[in-house]
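Visitor: So that you have it, the file is target.cif, and it contains mmCIF, C-alpha atoms:
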```cif
data_input
loop_
_atom_site.group_PDB
_atom_site.id
_atom_site.type_symbol
_atom_site.label_atom_id
_atom_site.label_comp_id
_atom_site.auth_asym_id
_atom_site.auth_seq_id
_atom_site.Cartn_x
_atom_site.Cartn_y
_atom_site.Cartn_z
ATOM 1 C CA MET S 1 28.598 1.310 -16.541
ATOM 2 C CA THR S 2 26.095 -1.292 -15.369
ATOM 3 C CA MET S 3 23.947 -1.872 -12.320
ATOM 4 C CA LYS S 4 22.025 -4.821 -10.930
ATOM 5 C CA ALA S 5 18.244 -4.984 -11.340
ATOM 6 C CA VAL S 6 15.523 -7.609 -11.199
ATOM 7 C CA VAL S 7 13.976 -8.258 -14.605
ATOM 8 C CA ILE S 8 10.854 -10.204 -15.501
ATOM 9 C CA SER S 9 12.353 -12.697 -17.960
ATOM 10 C CA SER S 10 8.896 -13.597 -19.295
ATOM 11 C CA PRO S 11 5.445 -13.324 -17.685
ATOM 12 C CA GLY S 12 4.823 -16.143 -15.214
ATOM 13 C CA GLY S 13 5.515 -17.466 -11.735
ATOM 14 C CA PRO S 14 8.040 -16.158 -9.191
ATOM 15 C CA GLU S 15 10.885 -17.922 -11.031
ATOM 16 C CA ALA S 16 10.395 -15.367 -13.852
ATOM 17 C CA LEU S 17 12.255 -12.826 -11.679
ATOM 18 C CA GLU S 18 15.981 -12.734 -12.448
ATOM 19 C CA LEU S 19 18.717 -10.506 -11.041
ATOM 20 C CA ARG S 20 20.789 -9.259 -13.988
ATOM 21 C CA GLU S 21 23.507 -6.767 -14.833
ATOM 22 C CA VAL S 22 21.675 -4.080 -16.808
ATOM 23 C CA GLU S 23 22.606 -0.800 -18.414
ATOM 24 C CA ASP S 24 23.146 2.030 -15.949
ATOM 25 C CA LEU S 25 20.331 4.572 -15.661
ATOM 26 C CA PRO S 26 20.508 7.837 -17.605
ATOM 27 C CA ALA S 27 21.234 11.025 -15.631
ATOM 28 C CA PRO S 28 18.133 12.364 -13.836
ATOM 29 C CA GLY S 29 16.056 14.731 -15.997
ATOM 30 C CA GLU S 30 14.155 17.911 -15.209
ATOM 31 C CA GLY S 31 12.910 17.842 -11.594
ATOM 32 C CA GLU S 32 14.218 14.302 -11.002
ATOM 33 C CA VAL S 33 16.752 12.779 -8.616
ATOM 34 C CA LEU S 34 18.841 9.613 -8.779
ATOM 35 C CA VAL S 35 18.564 7.445 -5.656
ATOM 36 C CA GLN S 36 20.950 4.689 -4.576
ATOM 37 C CA VAL S 37 18.460 2.094 -3.313
ATOM 38 C CA ALA S 38 18.888 0.841 0.273
ATOM 39 C CA ALA S 39 15.684 -1.215 0.303
ATOM 40 C CA ALA S 40 12.635 -1.732 -1.913
ATOM 41 C CA GLY S 41 9.108 -2.619 -0.821
ATOM 42 C CA VAL S 42 7.407 -5.680 -2.311
ATOM 43 C CA ASN S 43 3.735 -5.053 -3.168
ATOM 44 C CA ARG S 44 1.004 -7.374 -4.404
ATOM 45 C CA ALA S 45 0.813 -5.275 -7.577
ATOM 46 C CA ASP S 46 4.384 -6.429 -8.342
ATOM 47 C CA THR S 47 3.222 -10.055 -8.408
ATOM 48 C CA VAL S 48 0.402 -9.131 -10.810
ATOM 49 C CA GLN S 49 2.893 -7.245 -13.026
ATOM 50 C CA ARG S 50 5.157 -10.321 -13.004
ATOM 51 C CA GLN S 51 2.240 -12.394 -14.336
ATOM 52 C CA GLY S 52 1.874 -9.928 -17.216
ATOM 53 C CA LYS S 53 -1.476 -8.556 -15.998
ATOM 54 C CA TYR S 54 -0.390 -5.092 -14.779
ATOM 55 C CA PRO S 55 1.908 -3.523 -17.361
ATOM 56 C CA PRO S 56 3.903 -0.428 -16.376
ATOM 57 C CA PRO S 57 2.454 2.864 -17.665
ATOM 58 C CA PRO S 58 4.131 4.433 -20.737
ATOM 59 C CA GLY S 59 7.591 5.783 -19.924
ATOM 60 C CA ALA S 60 7.879 3.881 -16.620
ATOM 61 C CA SER S 61 10.763 1.558 -15.727
ATOM 62 C CA LEU S 62 10.290 -2.033 -16.875
ATOM 63 C CA TYR S 63 11.756 -3.311 -13.602
ATOM 64 C CA PRO S 64 9.203 -3.921 -10.837
ATOM 65 C CA GLY S 65 9.122 -2.000 -7.551
ATOM 66 C CA LEU S 66 6.690 0.732 -6.487
ATOM 67 C CA GLU S 67 8.568 2.138 -3.469
ATOM 68 C CA CYS S 68 12.054 2.316 -2.042
ATOM 69 C CA SER S 69 14.340 4.008 0.438
ATOM 70 C CA GLY S 70 17.875 5.157 -0.168
ATOM 71 C CA THR S 71 20.286 8.041 -0.596
ATOM 72 C CA ILE S 72 20.179 10.800 -3.207
ATOM 73 C CA VAL S 73 23.297 10.498 -5.391
ATOM 74 C CA ALA S 74 22.504 13.005 -8.167
ATOM 75 C CA LEU S 75 20.094 15.853 -8.899
ATOM 76 C CA GLY S 76 18.604 16.787 -12.256
ATOM 77 C CA PRO S 77 17.926 20.409 -13.221
ATOM 78 C CA ASN S 78 15.385 22.428 -11.189
ATOM 79 C CA VAL S 79 14.998 20.087 -8.230
ATOM 80 C CA PRO S 80 13.559 21.995 -5.223
ATOM 81 C CA SER S 81 16.330 23.311 -2.950
ATOM 82 C CA ARG S 82 15.163 21.220 0.015
ATOM 83 C CA TRP S 83 16.791 18.142 -1.572
ATOM 84 C CA ALA S 84 20.564 17.611 -1.706
ATOM 85 C CA VAL S 85 22.992 14.840 -2.624
ATOM 86 C CA GLY S 86 23.472 12.647 0.458
ATOM 87 C CA ASP S 87 19.909 13.062 1.767
ATOM 88 C CA GLN S 88 18.266 9.886 3.077
ATOM 89 C CA VAL S 89 14.837 9.538 1.501
ATOM 90 C CA CYS S 90 12.030 7.151 0.748
ATOM 91 C CA ALA S 91 10.006 7.398 -2.433
ATOM 92 C CA LEU S 92 6.822 6.463 -4.241
ATOM 93 C CA LEU S 93 7.799 4.990 -7.625
ATOM 94 C CA THR S 94 6.049 4.173 -10.898
ATOM 95 C CA GLY S 95 8.423 1.203 -11.150
ATOM 96 C CA GLY S 96 12.113 0.410 -10.941
ATOM 97 C CA GLY S 97 12.517 -0.187 -7.198
ATOM 98 C CA TYR S 98 13.972 -3.696 -7.577
ATOM 99 C CA ALA S 99 17.372 -2.292 -8.566
ATOM 100 C CA GLU S 100 20.534 -0.709 -7.186
ATOM 101 C CA LYS S 101 19.469 2.736 -8.406
ATOM 102 C CA VAL S 102 16.254 4.433 -9.467
ATOM 103 C CA VAL S 103 15.274 7.817 -10.922
ATOM 104 C CA VAL S 104 12.437 9.561 -9.050
ATOM 105 C CA PRO S 105 10.471 12.790 -9.647
ATOM 106 C CA ALA S 106 11.361 15.056 -6.691
ATOM 107 C CA GLY S 107 7.655 15.451 -5.813
ATOM 108 C CA GLN S 108 7.542 11.728 -4.915
ATOM 109 C CA LEU S 109 10.309 11.918 -2.305
ATOM 110 C CA LEU S 110 9.775 11.915 1.448
ATOM 111 C CA PRO S 111 12.443 12.387 4.110
ATOM 112 C CA VAL S 112 13.190 9.250 6.141
ATOM 113 C CA PRO S 113 11.225 9.993 9.336
ATOM 114 C CA GLU S 114 13.251 10.515 12.484
ATOM 115 C CA GLY S 115 13.352 7.294 14.510
ATOM 116 C CA VAL S 116 12.844 5.012 11.472
ATOM 117 C CA SER S 117 15.776 3.093 9.968
ATOM 118 C CA LEU S 118 16.698 3.696 6.323
ATOM 119 C CA THR S 119 15.751 0.075 5.494
ATOM 120 C CA ASP S 120 12.368 0.122 7.254
ATOM 121 C CA ALA S 121 11.454 3.443 5.603
ATOM 122 C CA ALA S 122 11.107 1.543 2.290
ATOM 123 C CA GLY S 123 7.912 0.013 3.681
ATOM 124 C CA LEU S 124 6.138 3.352 4.179
ATOM 125 C CA PRO S 125 5.523 5.248 0.895
ATOM 126 C CA GLU S 126 3.123 2.899 -0.900
ATOM 127 C CA VAL S 127 0.994 2.093 2.150
ATOM 128 C CA ALA S 128 0.898 5.682 3.419
ATOM 129 C CA CYS S 129 0.074 7.150 -0.003
ATOM 130 C CA THR S 130 -2.520 4.461 -0.741
ATOM 131 C CA VAL S 131 -4.344 4.735 2.579
ATOM 132 C CA TRP S 132 -4.157 8.524 2.806
ATOM 133 C CA SER S 133 -5.275 9.151 -0.807
ATOM 134 C CA THR S 134 -8.194 6.723 -0.590
ATOM 135 C CA VAL S 135 -9.970 6.643 2.754
ATOM 136 C CA PHE S 136 -8.843 10.067 3.959
ATOM 137 C CA MET S 137 -8.500 12.368 0.932
ATOM 138 C CA THR S 138 -11.356 10.766 -1.045
ATOM 139 C CA SER S 139 -13.708 9.029 1.423
ATOM 140 C CA HIS S 140 -13.125 11.691 4.128
ATOM 141 C CA LEU S 141 -12.897 9.184 6.988
ATOM 142 C CA ALA S 142 -13.173 11.349 10.112
ATOM 143 C CA PRO S 143 -12.514 11.060 13.865
ATOM 144 C CA GLY S 144 -15.417 9.338 15.642
ATOM 145 C CA GLU S 145 -16.364 7.258 12.586
ATOM 146 C CA SER S 146 -15.943 3.500 12.196
ATOM 147 C CA PHE S 147 -13.667 1.851 9.646
ATOM 148 C CA LEU S 148 -13.467 -1.739 8.368
ATOM 149 C CA ILE S 149 -10.170 -2.939 6.882
ATOM 150 C CA HIS S 150 -10.127 -6.216 4.966
ATOM 151 C CA GLY S 151 -6.782 -8.001 5.228
ATOM 152 C CA GLY S 152 -5.819 -6.176 8.400
ATOM 153 C CA SER S 153 -2.454 -7.952 8.608
ATOM 154 C CA SER S 154 -1.251 -6.875 5.147
ATOM 155 C CA GLY S 155 1.192 -4.020 4.644
ATOM 156 C CA ILE S 156 -1.733 -1.718 3.868
ATOM 157 C CA GLY S 157 -3.759 -3.117 6.763
ATOM 158 C CA THR S 158 -1.077 -2.786 9.431
ATOM 159 C CA PHE S 159 -0.531 0.851 8.442
ATOM 160 C CA ALA S 160 -4.261 1.672 8.150
ATOM 161 C CA ILE S 161 -5.020 0.306 11.637
ATOM 162 C CA GLN S 162 -2.362 2.511 13.236
ATOM 163 C CA ILE S 163 -3.146 5.789 11.460
ATOM 164 C CA ALA S 164 -6.902 5.358 11.999
ATOM 165 C CA LYS S 165 -6.496 4.619 15.719
ATOM 166 C CA HIS S 166 -4.148 7.614 16.027
ATOM 167 C CA LEU S 167 -6.921 9.798 14.559
ATOM 168 C CA GLY S 168 -9.621 8.549 16.932
ATOM 169 C CA ILE S 169 -11.457 6.151 14.623
ATOM 170 C CA LYS S 170 -13.049 2.824 15.622
ATOM 171 C CA VAL S 171 -11.232 0.093 13.681
ATOM 172 C CA LEU S 172 -12.625 -3.301 12.657
ATOM 173 C CA VAL S 173 -10.523 -5.763 10.659
ATOM 174 C CA THR S 174 -10.873 -9.113 8.933
ATOM 175 C CA ALA S 175 -8.011 -11.605 8.621
ATOM 176 C CA GLY S 176 -7.705 -15.344 8.074
ATOM 177 C CA SER S 177 -5.821 -16.681 11.096
ATOM 178 C CA GLU S 178 -5.682 -16.226 14.856
ATOM 179 C CA GLU S 179 -2.022 -15.170 14.573
ATOM 180 C CA LYS S 180 -2.916 -12.406 12.100
ATOM 181 C CA LEU S 181 -5.852 -11.243 14.229
ATOM 182 C CA ALA S 182 -3.617 -11.095 17.314
ATOM 183 C CA ALA S 183 -1.152 -8.915 15.350
ATOM 184 C CA CYS S 184 -4.016 -6.576 14.351
ATOM 185 C CA LYS S 185 -5.178 -6.354 17.959
ATOM 186 C CA GLY S 186 -1.608 -5.555 19.016
ATOM 187 C CA LEU S 187 -1.595 -2.636 16.557
ATOM 188 C CA GLY S 188 -4.788 -1.269 18.104
ATOM 189 C CA ALA S 189 -7.698 -2.792 16.147
ATOM 190 C CA ASP S 190 -10.901 -2.697 18.232
ATOM 191 C CA VAL S 191 -12.703 -5.618 16.584
ATOM 192 C CA CYS S 192 -10.914 -8.543 14.900
ATOM 193 C CA ILE S 193 -12.941 -10.910 12.726
ATOM 194 C CA ASN S 194 -11.792 -14.264 11.334
ATOM 195 C CA TYR S 195 -13.418 -14.287 7.892
ATOM 196 C CA LYS S 196 -12.847 -18.033 7.582
ATOM 197 C CA THR S 197 -14.954 -18.904 10.632
ATOM 198 C CA GLU S 198 -17.303 -15.926 11.019
ATOM 199 C CA ASP S 199 -19.852 -14.047 8.911
ATOM 200 C CA PHE S 200 -18.271 -10.585 8.871
ATOM 201 C CA VAL S 201 -21.538 -8.802 7.992
ATOM 202 C CA ALA S 202 -23.330 -10.234 11.036
ATOM 203 C CA ARG S 203 -20.392 -9.456 13.303
ATOM 204 C CA ILE S 204 -20.136 -5.858 12.047
ATOM 205 C CA LYS S 205 -23.856 -5.297 12.616
ATOM 206 C CA GLU S 206 -23.461 -6.674 16.137
ATOM 207 C CA GLU S 207 -20.427 -4.464 16.889
ATOM 208 C CA THR S 208 -22.079 -1.277 15.562
ATOM 209 C CA ASP S 209 -25.541 -1.673 17.165
ATOM 210 C CA GLY S 210 -27.026 -2.640 13.814
ATOM 211 C CA LYS S 211 -25.831 0.554 12.092
ATOM 212 C CA GLY S 212 -22.895 -0.713 10.029
ATOM 213 C CA VAL S 213 -19.508 0.957 9.462
ATOM 214 C CA ASP S 214 -18.840 4.345 7.865
ATOM 215 C CA VAL S 215 -15.929 3.383 5.588
ATOM 216 C CA ILE S 216 -14.547 0.102 4.230
ATOM 217 C CA LEU S 217 -11.107 -0.362 2.641
ATOM 218 C CA ASP S 218 -11.360 -3.441 0.425
ATOM 219 C CA ASN S 219 -8.738 -5.381 -1.536
ATOM 220 C CA ILE S 220 -11.074 -8.251 -2.510
ATOM 221 C CA GLY S 221 -13.486 -6.691 -4.998
ATOM 222 C CA GLY S 222 -16.155 -8.796 -6.713
ATOM 223 C CA SER S 223 -16.737 -11.616 -4.254
ATOM 224 C CA TYR S 224 -17.153 -9.165 -1.328
ATOM 225 C CA LEU S 225 -19.141 -6.395 -3.050
ATOM 226 C CA GLN S 226 -22.619 -7.360 -1.829
ATOM 227 C CA ARG S 227 -21.420 -8.146 1.695
ATOM 228 C CA ASN S 228 -19.500 -4.875 1.844
ATOM 229 C CA LEU S 229 -22.577 -2.872 0.791
ATOM 230 C CA ASN S 230 -24.608 -4.755 3.403
ATOM 231 C CA SER S 231 -22.009 -3.818 6.063
ATOM 232 C CA LEU S 232 -22.142 -0.049 5.500
ATOM 233 C CA ALA S 233 -24.012 2.531 7.580
ATOM 234 C CA ILE S 234 -26.112 5.378 6.158
ATOM 235 C CA ASP S 235 -23.839 7.609 4.018
ATOM 236 C CA GLY S 236 -21.235 4.817 4.089
ATOM 237 C CA ARG S 237 -18.310 4.706 1.669
ATOM 238 C CA LEU S 238 -16.698 1.600 0.166
ATOM 239 C CA PHE S 239 -13.226 2.088 -1.278
ATOM 240 C CA ILE S 240 -11.869 -0.749 -3.469
ATOM 241 C CA ILE S 241 -8.099 -0.953 -4.023
ATOM 242 C CA GLY S 242 -7.700 -4.560 -5.193
ATOM 243 C CA PHE S 243 -9.484 -7.476 -6.829
ATOM 244 C CA MET S 244 -8.180 -10.584 -5.101
ATOM 245 C CA GLY S 245 -11.750 -11.915 -5.273
ATOM 246 C CA GLY S 246 -12.307 -11.091 -8.943
ATOM 247 C CA VAL S 247 -13.765 -8.180 -10.899
ATOM 248 C CA VAL S 248 -17.170 -9.556 -11.906
ATOM 249 C CA THR S 249 -20.149 -10.140 -9.648
ATOM 250 C CA GLU S 250 -23.926 -9.810 -9.492
ATOM 251 C CA VAL S 251 -25.161 -7.245 -6.987
ATOM 252 C CA ASN S 252 -28.442 -5.987 -5.550
ATOM 253 C CA LEU S 253 -28.131 -2.187 -5.596
ATOM 254 C CA ALA S 254 -31.244 -1.443 -3.513
ATOM 255 C CA VAL S 255 -29.163 -0.999 -0.365
ATOM 256 C CA MET S 256 -27.157 1.769 -2.068
ATOM 257 C CA LEU S 257 -30.238 3.905 -2.567
ATOM 258 C CA ALA S 258 -31.722 3.032 0.814
ATOM 259 C CA ARG S 259 -28.550 4.032 2.683
ATOM 260 C CA ARG S 260 -27.033 6.624 0.299
ATOM 261 C CA LEU S 261 -23.882 4.572 -0.214
ATOM 262 C CA THR S 262 -20.831 5.465 -2.303
ATOM 263 C CA VAL S 263 -18.519 2.995 -4.043
ATOM 264 C CA GLN S 264 -15.090 4.262 -5.098
ATOM 265 C CA ALA S 265 -11.953 2.667 -6.531
ATOM 266 C CA ALA S 266 -8.464 3.900 -7.369
ATOM 267 C CA GLY S 267 -4.811 2.995 -7.597
ATOM 268 C CA LEU S 268 -1.673 5.117 -7.374
ATOM 269 C CA ARG S 269 0.478 3.984 -10.247
ATOM 270 C CA ASN S 270 -1.380 5.502 -13.199
ATOM 271 C CA ARG S 271 -1.895 8.922 -11.626
ATOM 272 C CA SER S 272 -0.117 11.948 -13.083
ATOM 273 C CA ILE S 273 3.176 13.156 -11.600
ATOM 274 C CA ALA S 274 1.376 16.287 -10.328
ATOM 275 C CA ASN S 275 -1.324 14.204 -8.653
ATOM 276 C CA LYS S 276 1.245 11.928 -6.993
ATOM 277 C CA ALA S 277 3.176 14.978 -5.758
ATOM 278 C CA GLN S 278 -0.021 16.318 -4.190
ATOM 279 C CA ILE S 279 -0.678 13.009 -2.402
ATOM 280 C CA VAL S 280 2.949 12.764 -1.187
ATOM 281 C CA SER S 281 2.775 16.325 0.139
ATOM 282 C CA GLU S 282 -0.467 15.543 2.056
ATOM 283 C CA VAL S 283 1.159 12.393 3.463
ATOM 284 C CA GLU S 284 4.173 14.355 4.677
ATOM 285 C CA LYS S 285 1.913 16.926 6.325
ATOM 286 C CA ASN S 286 -0.629 14.538 7.871
ATOM 287 C CA VAL S 287 1.061 11.158 8.336
ATOM 288 C CA TRP S 288 4.765 11.870 8.879
ATOM 289 C CA PRO S 289 4.289 13.611 12.270
ATOM 290 C CA ALA S 290 2.498 10.467 13.539
ATOM 291 C CA VAL S 291 5.436 8.333 12.359
ATOM 292 C CA VAL S 292 8.021 10.642 13.955
ATOM 293 C CA SER S 293 6.096 10.581 17.261
ATOM 294 C CA GLY S 294 6.067 6.755 17.183
ATOM 295 C CA LYS S 295 2.260 6.505 16.930
ATOM 296 C CA VAL S 296 2.577 4.825 13.519
ATOM 297 C CA LYS S 297 5.424 2.377 12.923
ATOM 298 C CA PRO S 298 6.451 0.484 9.803
ATOM 299 C CA VAL S 299 5.695 -3.219 10.316
ATOM 300 C CA VAL S 300 8.369 -5.217 8.481
ATOM 301 C CA TYR S 301 7.860 -8.984 8.352
ATOM 302 C CA LYS S 302 10.912 -10.100 6.393
ATOM 303 C CA THR S 303 13.748 -8.801 4.243
ATOM 304 C CA PHE S 304 15.347 -10.677 1.338
ATOM 305 C CA PRO S 305 18.434 -9.878 -0.733
ATOM 306 C CA LEU S 306 17.595 -8.592 -4.221
ATOM 307 C CA SER S 307 18.881 -11.905 -5.629
ATOM 308 C CA GLU S 308 16.007 -13.674 -3.825
ATOM 309 C CA ALA S 309 13.197 -11.571 -5.311
ATOM 310 C CA ALA S 310 11.508 -14.820 -6.440
ATOM 311 C CA GLU S 311 11.389 -16.019 -2.811
ATOM 312 C CA SER S 312 9.859 -12.700 -1.717
ATOM 313 C CA HIS S 313 7.074 -13.128 -4.290
ATOM 314 C CA LYS S 314 6.442 -16.724 -3.173
ATOM 315 C CA LEU S 315 5.990 -15.444 0.386
ATOM 316 C CA MET S 316 3.696 -12.603 -0.766
ATOM 317 C CA GLU S 317 1.567 -15.116 -2.682
ATOM 318 C CA THR S 318 1.142 -17.426 0.331
ATOM 319 C CA SER S 319 -0.269 -14.391 2.234
ATOM 320 C CA SER S 320 1.252 -15.804 5.422
ATOM 321 C CA HIS S 321 3.170 -12.579 6.143
ATOM 322 C CA ILE S 322 2.141 -9.834 8.603
ATOM 323 C CA GLY S 323 3.189 -6.368 7.435
ATOM 324 C CA LYS S 324 5.726 -5.541 4.738
ATOM 325 C CA ILE S 325 8.241 -7.599 2.761
ATOM 326 C CA LEU S 326 11.415 -5.757 1.668
ATOM 327 C CA LEU S 327 14.255 -6.405 -0.790
ATOM 328 C CA ILE S 328 17.828 -5.259 -0.055
ATOM 329 C CA PRO S 329 20.240 -4.648 -2.973
#
```
For the structure just supplied, provide its representation as structure tokens.
Guide:
Amino acid sequence: MTMKAVVISSPGGPEALELREVEDLPAPGEGEVLVQVAAAGVNRADTVQRQGKYPPPPGASLYPGLECSGTIVALGPNVPSRWAVGDQVCALLTGGGYAEKVVVPAGQLLPVPEGVSLTDAAGLPEVACTVWSTVFMTSHLAPGESFLIHGGSSGIGTFAIQIAKHLGIKVLVTAGSEEKLAACKGLGADVCINYKTEDFVARIKEETDGKGVDVILDNIGGSYLQRNLNSLAIDGRLFIIGFMGGVVTEVNLAVMLARRLTVQAAGLRNRSIANKAQIVSEVEKNVWPAVVSGKVKPVVYKTFPLSEAAESHKLMETSSHIGKILLIP
């Protein structure tokens, strides 16, 4: 038996992605399920993996794809009784989403929320698990605080705006075009800053009566580090989840001591199965009710057939999208 999957023929540009007939997956092992993929989310990490700079962890699928939605078609031994063949699910993956089928540890499954289509559900796991595990579980962002999201129109950004507003948090975002800022405002952002035409530090100070924000979610890294520190309030927390602006910088740390600041960074992919299961369980408990009630919606910009994975990466790399990009087998 074979199945179709997207392989990285050799590290490089989007054209390195090729849809091929590959060997069928082995039967699911202990605590795992086999999912027939309905849709797979495209994440920036996939483009970095394609360039050869973000190799899959040991034992992970070599095919890209960190999240999907679909239908359970087989159960391995000792899968919790809540899951059955035929269930519609979405899942956090360590890889392998760009394929017709994928094997997933049962602890990384989520039910497709009521009111969300099976396709759109593919755009939820990675953003929900990333945002919940970072700014909520680790930085303890709380109602009444203020929160700055860089790249507010990204998949992560569009989700973070909605869940934060739902929880009674003041949301500030940066984005690079008026169209993107309008989309952020439409999702509930209180303050929208064009980083290309405005100094975001000055604007944040102005919008917070000189205090700064409590938490920042940052995908830029090096080139923003000093400005991020300068934008934080006393006891502020900076959480870094990406390095689009590089990993090396020179920084004046005095402000950290003066304002008792914390800098944190993390990803999802290299966490243990137990740790991922814990995050997924917290997401189901804390985020899923907001999705079911319609307070948080998946924002899907465009879907491509699996055969056009290269096109989906080209779009991701232009950063002109607002929300999520999905692939459909």
Visitor: Residues of segment 74-141 of chain S that approach segment 146-151 of chain S to 12 Å or less, counting all atoms listed in the file: could you list each one with the shortest pair of atoms and its distance in Å to one decimal, rows by chain and increasing residue number, as a Markdown table?
Guide:
```
| residue | atom | partner | partner_atom | distance |
| --- | --- | --- | --- | --- |
| S:Val131 | CA | S:Ile149 | CA | 10.6 |
| S:Val135 | CA | S:Phe147 | CA | 9.2 |
| S:Phe136 | CA | S:Phe147 | CA | 11.1 |
| S:Ser139 | CA | S:Phe147 | CA | 10.9 |
| S:His140 | CA | S:Phe147 | CA | 11.3 |
| S:Leu141 | CA | S:Phe147 | CA | 7.8 |
```
Visitor: Quick one: residues within 9 Å of Val37 of chain S, all atoms listed in the file, excluding same-chain residues fewer than 3 positions away - as a VMD selection string?
Guide: chain S and resid 40 68 to 72 97 to 102 328 to 329
Visitor: May I have the residues within 9 Å of Ala164 of chain S as a list in words, using all atoms listed in the file and disregarding those fewer than 3 positions away in the same chain?
Guide: Leu141, Ala142, Pro143, Phe147, Phe159, Ala160, Ile161, Leu167, Gly168, Ile169, Lys170 and Val171 of chain S
Visitor: Using only C-alpha atoms, can you tell me which of S:Ala84, S:Leu93, S:Ala175, S:Ala5 comes closest to Ser272 of chain S?
Guide: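 Ranked by minimum distance to Ser272 of chain S, first place goes to S:Leu93.
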Visitor: Could you tell me how far atom CA of Pro64 of chain S lies from atom CA of Glu308 of chain S, in Å and to one decimal?
Guide: 13.8 Å
Visitor: With only C-alpha atoms as the counted atoms, please give the residues lying no more than 8 Å from segment 20-28 of chain S, apart from itself and same-chain residues fewer than 5 positions off, as a VMD selection string.
Guide: chain S and resid 1 to 7 33 to 34 74 to 76 101 to 104
Visitor: What's the separation between atom CA of Glu30 of chain S and atom CA of Gly267 of chain S, in Å to one decimal place?
Guide: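 If I compute the distance from atom CA of Glu30 of chain S to atom CA of Gly267 of chain S, I get 25.3 Å.
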Visitor: Tell me which of S:Ala38, S:Val263, S:Gln162, S:Gly210 sits closest to Val112 of chain S, counting all atoms listed in the file.
Guide: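 So, comparing all the options, the nearest one is S:Ala38.
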Visitor: Do you have the atom CA of His321 of chain S-atom CA of Ile241 of chain S distance handy?
Guide: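 Answer for the atom CA of His321 of chain S to atom CA of Ile241 of chain S separation: 19.1 Å.
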Visitor: Give me the residues near segment 294-302 of chain S as a count of residues only, where near means some atom within 6 Å (using all atoms listed in the file) and where sequence neighbours in that chain fewer than 2 positions away do not count.
Guide: 8
Visitor: With all atoms listed in the file as the atoms that count, which of S:Cys90, S:Leu261, S:Val247, S:Ile193 lies nearest to Asn228 of chain S?
Guide: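 For Asn228 of chain S, the nearest of the given residues is S:Leu261.
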Visitor: Residues within 9 Å of (-23.2, -5.5, 3.7), file coordinates, counting all atoms listed in the file: what are they? Give the list as a list in words.
Guide: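 Neighbouring residues, ordered by chain and number, come to Phe200, Val201, Ala202, Ile204, Lys205, Gly212, Tyr224, Leu225, Gln226, Arg227, Asn228, Leu229, Asn230, Ser231, Leu232, Ala233 and Val255 of chain S.
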Visitor: Give me the residues near Leu172 of chain S as an MDAnalysis selection string, where near means some atom within 6 Å (using all atoms listed in the file) and where sequence neighbours in that chain fewer than 6 positions away do not count.
Guide: chainID S and resid 148 190:192
Visitor: Using all atoms listed in the file, find the one residue out of S:Arg44, S:His313, S:Arg269, S:Lys185 that sits nearest to Ile156 of chain S.
Guide: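 Nearest candidate to Ile156 of chain S out of S:Arg44, S:His313, S:Arg269, S:Lys185: S:Arg44.
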Visitor: Written as JSON, numbers by chain, what is the full residue list that the PyMOL selection byres ((chain S and resi 113) around 10) yields on the file shown?
Guide: {"S": [88, 89, 90, 110, 111, 112, 114, 115, 116, 117, 118, 121, 124, 284, 288, 289, 290, 291, 292, 293, 294]}
Visitor: Once the PyMOL selection byres ((chain S and resi 14) around 6) is applied to the coordinates I shared, what remains selected? I want it as JSON, numbers by chain.
Guide: {"S": [13, 15, 16, 17, 310, 313]}
Visitor: Pick out the closest residue to Arg237 of chain S from this set: S:Asn270, S:Thr262, S:Asn194, S:Ser281. Count all atoms listed in the file.
Guide: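 Checking each of S:Asn270, S:Thr262, S:Asn194, S:Ser281 against Arg237 of chain S, counting all atoms listed in the file, the winner is S:Thr262.
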Visitor: Could you check the closest approach to Gly95 of chain S for each of S:Gly246, S:Gly107, S:Pro80, S:Pro58 and tell me which residue wins, using all atoms listed in the file?
Guide: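 Residue with the minimum atom-to-atom distance to Gly95 of chain S: S:Pro58.
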